[in-house]
Amino acid sequence: MSKVIKLKRGLDIRLVGEAEKTVVQVPVGKTCAVVPDSFTGITPKLLVSEGTKVKAGTPLFFDKARPQILFTAPVSGTVAAIRRGERRKILAIEIEADAAIEYEKFPVSAPAKATREKIVEVLLQSGLWPLIMQRPYGIIASPTDTPKAIFISGFDSAPLAPDMNFVLRDEYDNLAAGIEALKKLTDGKVHLGLRNGENGVLNRLTGAEQHLFEGPHPTGNVGVQIHHIDPINKGDIVWTVDIQNVALIGRLFNTGMADMRRVIAVTGSETQKPQYVSVLPGTVVEHVTAACGIKDEENVRIIAGNVLTGQKIDVAAYIDMYHNQMTLIPEGYNYELLGWIAPRLHRFSVSHSYFSWLTPKKKYNLDTNLNGGHRALVVTGLYDRYLPMDIYPIYLLKACMAGDIEKMENLGIYEVLPEDFALCEFVDPSKTDMQAIIADGINLMIKELC
């Protein structure tokens with residue numbers, strides 16, 4: 001029986017707008033696009049031009065530093081436009097999609113019988129290799145590395161996060177094949193983190209070593225799970241894969257096709273019909289919001305991801321390969337004079353400033369207001385309560401701000417990504433952009449050491 005790892009530090013933020021457990025198919029529409037900026041740390045070099053005919057799985061561009069890593073089309077059709085920005089930076093490759101998708105066929109065999117080299121080759125050719133991420137740094141893994149272990153989080157603890165057992169309820173065969181493929185890529189183990197008490201399709205997966213977790217967010221963060229299973233030390237390399245992307249990898253080896261369709265949860269108080277949608281990467285966000293509805297189009301923040309770590313987008317943006325969630329919440333245009341001094345009964349607070357602590361199960365309709373301005377960063381024990389790792393968050397932040405690489409190494413920079421500091425940023429009375437500071441520190445490490 002798996003040991004239960006119980007974590008007490010953290011915070012569950014309960015919001016209105018949880019997705020109903022129904023799945024709606026969202027069509028691609030006339031135009032689909034791949035945005036190179038959605039892939040971390042690459043310099044794209046084009047392989048196609050306007051007018052090129054492509055199939056789903058046809059390479060569109062590669063990484064200049066690692067030419068073997070290809071990025072492929074999610075649909076078949078004709079390259080309609082290559083959008084460029086300043087200094088001819090590639091912003092998007094737009095594809096005029098066919099009515100019926102035609103797929104490239106890749107030579108695959110059962111992962112259990114395939115060699116490591118063959119599995120790597122197929123993942124690179126199909127464009128699914130970018131789904132495998134490296135820790136430290138949170139960048140696309142190098143196919144020439146062999147990680148000491150591979151980690152998969154089987155649940156998401158963020159606000160309004162999707163239920164992955166529901167999302168993947170019909171994907172057992174693909175999940176099993178994906179795990180078998182990943183096992184060939186490491187000399188160590190494939191670790192699967194699960195929420196204690198749940199019983200779904202993920203609990204039936206026997207190919208990975210299961211670990212049960214219990215506690216508030218960020219328990220579902222794969223970095224937190226790595227810290228409590230097998231921490232990353234200097235010189236270590238581990239890989240992580242999102243649980244839905246494991247199914248995509250398995251689908252490739254079961255069918256021989258790079259079918260990138262995924263299910264995402266459309267959530268939040270500004271969604272008319274919070275629900276799950278089945279969608280292809282590259283689909284225009286407007287098609288997704290049209291399927292679910294927006295209550296107030298003039299006063300809404302659309303977020304790719306969750307409210308803590310997601311990115312602000314608009315309806316003209318495109319769905320990427322990494323997010324399992326879209327959140328719609330009100331823009332915080334309204335300000336209150338001395339709002340902090342009133343005895344609010346319906347305002348969320350992590351302290352006892354308001355009475356929300358008396359109703360811990362209550363769900364809130366939060367907007368984007370900071371409820372304060374930027375102040376000096378004060379050393380307190382506040383942040384330690386929301387980061388369930390044996391590191392000192394305030395000192396790591398200061399080391400990143402100072403650009404002190406040696407201190408950053410000693411204080412745990414190899415174990416964290418910006419998402420791990422999202423709760424610290426949320427509760428921070430100084431309103432410091434902590435995730436950006438950690439991201440800058442990681443970028444400095446990459447520049448100086450990689």
# chains A, B, ... in the order shown; residues from 1 in each chain; ligands from 1
$ residues_around --residues "A:Asn233" --least-positions-apart "5" --cutoff "12 Å" --atoms "only C-alpha atoms" --output "VMD selection string"
chain A and resid 135 to 136 148 226 to 227 238 409 to 416
$ write_last_selection --atoms "N, CA and C atoms" --output "compact mmCIF listing (two decimals), in the first residue's frame"
# COMPACT_ATOMS: atom_id res chain seq x y z
N ARG A 135 13.33 19.39 -15.04
CA ARG A 135 13.65 20.09 -13.80
C ARG A 135 15.12 19.81 -13.52
N PRO A 136 15.92 20.79 -13.13
CA PRO A 136 15.53 22.17 -12.84
C PRO A 136 15.22 22.99 -14.09
N LYS A 148 17.18 11.06 -13.83
CA LYS A 148 17.24 10.08 -12.74
C LYS A 148 15.86 9.53 -12.41
N ILE A 226 7.82 16.27 -6.07
CA ILE A 226 9.22 15.86 -6.22
C ILE A 226 9.98 16.09 -4.93
N HIS A 227 9.76 17.24 -4.30
CA HIS A 227 10.46 17.60 -3.07
C HIS A 227 10.25 16.56 -1.98
N VAL A 238 15.68 15.68 -13.61
CA VAL A 238 14.47 14.87 -13.64
C VAL A 238 13.54 15.47 -14.69
N GLU A 409 21.57 28.68 -5.44
CA GLU A 409 21.78 27.22 -5.43
C GLU A 409 21.60 26.67 -4.02
N ASN A 410 22.18 27.33 -3.04
CA ASN A 410 22.11 26.84 -1.67
C ASN A 410 20.70 26.93 -1.08
N LEU A 411 19.90 27.86 -1.59
CA LEU A 411 18.57 28.10 -1.03
C LEU A 411 17.45 27.37 -1.77
N GLY A 412 17.81 26.57 -2.81
CA GLY A 412 16.80 25.69 -3.40
C GLY A 412 16.25 26.08 -4.75
N ILE A 413 16.98 26.87 -5.54
CA ILE A 413 16.46 27.30 -6.83
C ILE A 413 16.23 26.12 -7.77
N TYR A 414 16.98 25.02 -7.59
CA TYR A 414 16.82 23.87 -8.48
C TYR A 414 15.49 23.16 -8.28
N GLU A 415 14.85 23.38 -7.15
CA GLU A 415 13.62 22.64 -6.83
C GLU A 415 12.34 23.38 -7.16
N VAL A 416 12.43 24.65 -7.52
CA VAL A 416 11.20 25.44 -7.65
C VAL A 416 11.03 25.99 -9.06
$ select_by_dssp --residues "stretch 165-400 of chain A" --states "helix (DSSP H, G or I)" --output "ChimeraX atom specification"
/A:165-167,172-183,201-204,222-229,243-255,285-292,339-341,355-358,383-386,393-400
$ closest_atom_pairs --of "stretch 390-414 of chain A" --to "stretch 435-443 of chain A" --cutoff "10 Å" --atoms "only C-alpha atoms" --output "tab-separated table"
residue	atom	partner	partner_atom	distance
A:Leu396	CA	A:Ile438	CA	8.4
A:Leu397	CA	A:Ile438	CA	6.7
A:Lys398	CA	A:Ile437	CA	8.9
A:Ala399	CA	A:Gly441	CA	8.2
A:Cys400	CA	A:Gly441	CA	4.8
A:Met401	CA	A:Ile437	CA	6.5
A:Ala402	CA	A:Gly441	CA	9.1
A:Gly403	CA	A:Gly441	CA	6.8
A:Asp404	CA	A:Gly441	CA	8.9
A:Ile405	CA	A:Gly441	CA	8.2
A:Met408	CA	A:Gly441	CA	7.9
A:Ile413	CA	A:Ile442	CA	7.3
A:Tyr414	CA	A:Ile442	CA	8.4
$ residues_around --residues "A:Met257" --least-positions-apart "2" --cutoff "12 Å" --atoms "only C-alpha atoms" --output "number ranges by chain"
A: 55-58, 72-75, 101-108, 122-123, 125-128, 248-255, 259-261
$ select_by_dssp --residues "stretch 10-68 of chain A" --states "strand (DSSP E)" --output "count of residues only"
20
$ atom_distance --atom1 "atom CA of A:Glu18" --atom2 "atom CA of A:Ala158"
11.7 Å
$ residues_around --residues "stretch 76-93 of chain A" --least-positions-apart "5" --cutoff "9 Å" --atoms "only C-alpha atoms" --output "list in words"
Thr31, Cys32, Ala33, Val34, Val35, Pro36, Asp37, Pro44, Lys45, Leu46, Val48, Ser49, Glu50, Gly51, Thr52, Lys53, Val54, Lys55, Ala56, Gly57, Thr58, Leu60, Asp98, Ala99, Ala100, Ile101, Glu102 and Tyr103 of chain A
$ closest_residue --among "A:Glu331, A:Asp428, A:Asp420, A:Asp187" --to "A:Met389" --atoms "only C-alpha atoms"
A:Asp420
$ residues_around --residues "A:Ser351" --least-positions-apart "2" --cutoff "12 Å" --atoms "only C-alpha atoms" --output "VMD selection string"
chain A and resid 11 340 347 to 349 353 to 358 382 427 to 429
$ residues_around --residues "A:Ile302" --least-positions-apart "6" --cutoff "8 Å" --atoms "only C-alpha atoms" --output "count of residues only"
8
$ atom_distance --atom1 "atom CA of A:Lys361" --atom2 "atom CA of A:Ile13"
9.5 Å
$ closest_residue --among "A:His374, A:His228, A:Lys295, A:Lys183" --to "A:Thr206" --atoms "only C-alpha atoms"
A:Lys183
$ residues_around --residues "A:Met133" --least-positions-apart "3" --cutoff "9 Å" --atoms "only C-alpha atoms" --output "PyMOL selection string"
chain A and resi 129-130+137-142+238-242
$ closest_residue --among "A:Val190, A:Ala422, A:Val28, A:Ala317" --to "A:Glu96" --atoms "only C-alpha atoms"
A:Val28
$ decode --residues "stretch 249-261 of chain A" --atoms "C-alpha atoms" --output "PDB file, in the first residue's frame"
ATOM      1  CA  ILE A 249       1.995  10.204 -25.823  1.00  0.00           C
ATOM      2  CA  GLY A 250       0.236   6.878 -25.318  1.00  0.00           C
ATOM      3  CA  ARG A 251      -2.264   7.745 -28.068  1.00  0.00           C
ATOM      4  CA  LEU A 252       0.662   8.262 -30.445  1.00  0.00           C
ATOM      5  CA  PHE A 253       2.050   4.789 -29.743  1.00  0.00           C
ATOM      6  CA  ASN A 254      -1.383   3.149 -29.907  1.00  0.00           C
ATOM      7  CA  THR A 255      -2.491   4.768 -33.173  1.00  0.00           C
ATOM      8  CA  GLY A 256       0.659   5.977 -34.924  1.00  0.00           C
ATOM      9  CA  MET A 257      -0.857   9.477 -35.179  1.00  0.00           C
ATOM     10  CA  ALA A 258      -0.124  12.755 -33.379  1.00  0.00           C
ATOM     11  CA  ASP A 259      -3.687  13.408 -32.223  1.00  0.00           C
ATOM     12  CA  MET A 260      -3.278  16.402 -29.901  1.00  0.00           C
ATOM     13  CA  ARG A 261      -6.928  16.865 -28.932  1.00  0.00           C
TER      14      ARG A 261
END
